[in-house]
Amino acid sequence: MAPAQRQGLTALNITFLGTASAQPSSTRNHSALALRLSGDIWLFDCGEATQHQIQKSALKMGKIEKIFITHTHGDHIFGLIPLLATCMNGAGGVTLDSGDDPRTTVEQSIPPLEIYGPLGTRAYVRSGLAYTHTLLARPYVVHELRFPTDPVDRDYTTLPPPAAESLEGRNIASVNGVWPEIYKDGVVSVSAAPILHSVPVTLTDGTVLQGPPRRPGRKIVILGDTYDPSPIIPLAGGADLLVHEATNAHLPRLDLNTKDADTYETVQERAMSRGHSTPQMAGKFARTIGAKRLILNHFSARYPGDESKESLRTMGAIGELAAQEFGKAVICARDFTSVDIGFKE
């Protein structure tokens, strides 16, 4: 069944459900971000315990329409199977030799939940459902973004698709190094590009708003983990909002773990060697693409996300490092930070 036609956007909002890097802490969950398009919710990444974060927020699980996985590192995908089981009326399954089970019936009268990700996403979902004997009562579909070096048709699994998996999943080939308009309706379009560490998703919407007066759309650029996002510049220019990781920072007067030999340059070199960025790198990239606003996320566990004076001082310093390069104020996201993206004036 095809999804209902989107009838414009009355609101556009981002809620950060997880802002940690690598491992969670007592104040930061694994990576996940919710984009609210009026009443619908699109998730970008789904780290462990994302469903718990949703339950603690004002978001509604049943409103999730699409899930975009930037890359298949565990801190970005380990929460996907539990989330599917919860929001799609999942139930404990049966072993292969235990006979028929009426719970294997899938409600096909509703549109499938769409999952977008790199090669391996489909295999991950099939394996997770199969080996935990999890049955879903609603359909889903997986679309994979394939590189030229990836197989055109094969998946990383020989497992058959479960009853809930739609066979309409696409293997989307790149065009000139990017994936333009992997999703598009009359109001919203999504394009993606590979950056050096991961596959992010760049969302551009409002190109065709229904009804007068027509207003300029809004562009949101959401990066995954990266030490060099330059390949996405052709898609990212003029972004209304850039979400950029800032895993490591040099804070000699605030961070007690700072080594005597550390400098801004050595911290950046170390961050890049691990596939990550510093606040200054984020600020420079935001300035390069002409972004109007910059939000940092994906922080090291050494930077807590609570409201203590020490944490607020530390995050303020991280934001200032980025702002010095960006030329504007910068937001350092905490779990449940929620930001509205208004229309252009």
# chains A, B, ... in the order shown; residues from 1 in each chain; ligands from 1
$ residues_around --residues "stretch 313-328 of chain A" --least-positions-apart "3" --cutoff "9 Å" --atoms "only C-alpha atoms" --output "PyMOL selection string"
chain A and resi 246+249-251+254-255+278-288+291-296+303-305+308-310+331-332
$ write_last_selection --atoms "C-alpha atoms" --output "PDB file, in the first residue's frame"
ATOM      1  CA  ALA A 246      32.715  17.128  17.542  1.00  0.00           C
ATOM      2  CA  ALA A 249      38.416  18.997  21.803  1.00  0.00           C
ATOM      3  CA  HIS A 250      41.527  20.582  23.309  1.00  0.00           C
ATOM      4  CA  LEU A 251      40.449  22.149  26.618  1.00  0.00           C
ATOM      5  CA  LEU A 254      38.970  22.531  31.775  1.00  0.00           C
ATOM      6  CA  ASP A 255      39.722  18.928  30.829  1.00  0.00           C
ATOM      7  CA  THR A 278      37.035  18.639  16.542  1.00  0.00           C
ATOM      8  CA  PRO A 279      34.803  21.677  17.159  1.00  0.00           C
ATOM      9  CA  GLN A 280      37.069  23.861  15.030  1.00  0.00           C
ATOM     10  CA  MET A 281      36.742  21.447  12.109  1.00  0.00           C
ATOM     11  CA  ALA A 282      32.963  21.589  12.456  1.00  0.00           C
ATOM     12  CA  GLY A 283      32.983  25.380  12.572  1.00  0.00           C
ATOM     13  CA  LYS A 284      35.192  25.621   9.485  1.00  0.00           C
ATOM     14  CA  PHE A 285      32.963  23.253   7.534  1.00  0.00           C
ATOM     15  CA  ALA A 286      29.842  25.165   8.558  1.00  0.00           C
ATOM     16  CA  ARG A 287      31.448  28.358   7.295  1.00  0.00           C
ATOM     17  CA  THR A 288      32.578  26.641   4.089  1.00  0.00           C
ATOM     18  CA  ALA A 291      25.357  27.155   6.954  1.00  0.00           C
ATOM     19  CA  LYS A 292      23.056  29.461   8.858  1.00  0.00           C
ATOM     20  CA  ARG A 293      23.119  27.457  12.112  1.00  0.00           C
ATOM     21  CA  LEU A 294      25.453  24.823  13.559  1.00  0.00           C
ATOM     22  CA  ILE A 295      24.688  22.194  16.192  1.00  0.00           C
ATOM     23  CA  LEU A 296      27.439  19.932  17.530  1.00  0.00           C
ATOM     24  CA  TYR A 303      32.340  15.519  28.222  1.00  0.00           C
ATOM     25  CA  PRO A 304      29.180  14.875  30.317  1.00  0.00           C
ATOM     26  CA  GLY A 305      25.846  16.236  29.167  1.00  0.00           C
ATOM     27  CA  SER A 308      26.449  20.774  36.483  1.00  0.00           C
ATOM     28  CA  LYS A 309      28.522  23.949  36.389  1.00  0.00           C
ATOM     29  CA  GLU A 310      31.563  21.989  35.230  1.00  0.00           C
ATOM     30  CA  ILE A 331      24.688  24.919  20.037  1.00  0.00           C
ATOM     31  CA  CYS A 332      26.180  21.859  21.763  1.00  0.00           C
TER      32      CYS A 332
END
$ residues_around --residues "A:Ile69" --least-positions-apart "4" --cutoff "6 Å" --atoms "only C-alpha atoms" --output "list in words"
Phe44, Asp45 and Gly117 of chain A
$ residues_around --residues "stretch 268-277 of chain A" --least-positions-apart "6" --cutoff "6 Å" --atoms "only C-alpha atoms" --output "list in words"
His197, Thr226, Tyr227, Ala246 and Thr247 of chain A
$ write_last_selection --atoms "all heavy atoms" --output "mmCIF file, in the first residue's frame"
data_model
loop_
_atom_site.group_PDB
_atom_site.id
_atom_site.type_symbol
_atom_site.label_atom_id
_atom_site.label_comp_id
_atom_site.auth_asym_id
_atom_site.auth_seq_id
_atom_site.Cartn_x
_atom_site.Cartn_y
_atom_site.Cartn_z
ATOM 1 N N HIS A 197 34.262 8.555 6.558
ATOM 2 C CA HIS A 197 34.003 7.767 7.767
ATOM 3 C C HIS A 197 32.661 7.082 7.632
ATOM 4 O O HIS A 197 32.500 5.996 8.121
ATOM 5 C CB HIS A 197 33.994 8.617 9.052
ATOM 6 C CG HIS A 197 33.702 7.793 10.281
ATOM 7 N ND1 HIS A 197 34.692 7.190 11.013
ATOM 8 C CD2 HIS A 197 32.541 7.465 10.905
ATOM 9 C CE1 HIS A 197 34.165 6.540 12.032
ATOM 10 N NE2 HIS A 197 32.857 6.683 11.988
ATOM 11 N N THR A 226 32.693 11.656 10.971
ATOM 12 C CA THR A 226 33.515 12.044 9.827
ATOM 13 C C THR A 226 34.767 12.790 10.258
ATOM 14 O O THR A 226 34.757 13.505 11.257
ATOM 15 C CB THR A 226 32.725 12.935 8.846
ATOM 16 O OG1 THR A 226 33.542 13.234 7.709
ATOM 17 C CG2 THR A 226 32.296 14.238 9.503
ATOM 18 N N TYR A 227 35.845 12.601 9.493
ATOM 19 C CA TYR A 227 37.016 13.450 9.641
ATOM 20 C C TYR A 227 37.181 14.343 8.425
ATOM 21 O O TYR A 227 38.049 15.215 8.411
ATOM 22 C CB TYR A 227 38.288 12.614 9.863
ATOM 23 C CG TYR A 227 38.732 11.803 8.663
ATOM 24 C CD1 TYR A 227 39.655 12.310 7.752
ATOM 25 C CD2 TYR A 227 38.240 10.522 8.436
ATOM 26 C CE1 TYR A 227 40.073 11.574 6.664
ATOM 27 C CE2 TYR A 227 38.643 9.775 7.352
ATOM 28 C CZ TYR A 227 39.561 10.303 6.465
ATOM 29 O OH TYR A 227 39.964 9.570 5.374
ATOM 30 N N ALA A 246 31.546 16.481 16.949
ATOM 31 C CA ALA A 246 32.715 17.128 17.542
ATOM 32 C C ALA A 246 33.204 16.227 18.684
ATOM 33 O O ALA A 246 33.063 16.547 19.858
ATOM 34 C CB ALA A 246 32.375 18.522 18.052
ATOM 35 N N THR A 247 33.766 15.099 18.300
ATOM 36 C CA THR A 247 34.087 14.059 19.274
ATOM 37 C C THR A 247 35.140 14.502 20.285
ATOM 38 O O THR A 247 35.015 14.232 21.484
ATOM 39 C CB THR A 247 34.563 12.787 18.546
ATOM 40 O OG1 THR A 247 33.555 12.371 17.613
ATOM 41 C CG2 THR A 247 34.822 11.653 19.530
#
$ residues_around --residues "stretch 155-168 of chain A" --least-positions-apart "6" --cutoff "7 Å" --atoms "only C-alpha atoms" --output "list in words"
Val106, Gly120, Ala123, Arg126, Leu136, Ala137, Arg138, Pro139, Tyr140 and Val141 of chain A
$ write_last_selection --atoms "C-alpha atoms" --output "CSV table (one decimal), in the first residue's frame"
chain,number,residue,atom,x,y,z
A,106,VAL,CA,1.4,-9.3,8.9
A,120,GLY,CA,24.5,-4.7,5.1
A,123,ALA,CA,21.2,-8.4,6.3
A,126,ARG,CA,17.0,-10.1,8.8
A,136,LEU,CA,6.6,-8.2,13.3
A,137,ALA,CA,2.9,-7.6,12.8
A,138,ARG,CA,3.5,-4.7,10.4
A,139,PRO,CA,5.6,-4.5,7.2
A,140,TYR,CA,8.9,-2.8,6.7
A,141,VAL,CA,11.2,-2.3,3.7
$ closest_residue --among "A:Arg154, A:Arg146, A:His76, A:His71" --to "A:Leu17" --atoms "only C-alpha atoms"
A:His76
$ atom_distance --atom1 "atom CA of A:Pro112" --atom2 "atom CA of A:Pro82"
17.0 Å
$ select_by_dssp --residues "stretch 90-283 of chain A" --states "strand (DSSP E)" --output "MDAnalysis selection string"
chainID A and resid 91:92 113:118 134:135 140:146 171:173 179:184 188:192 201:205 218:222 241:245
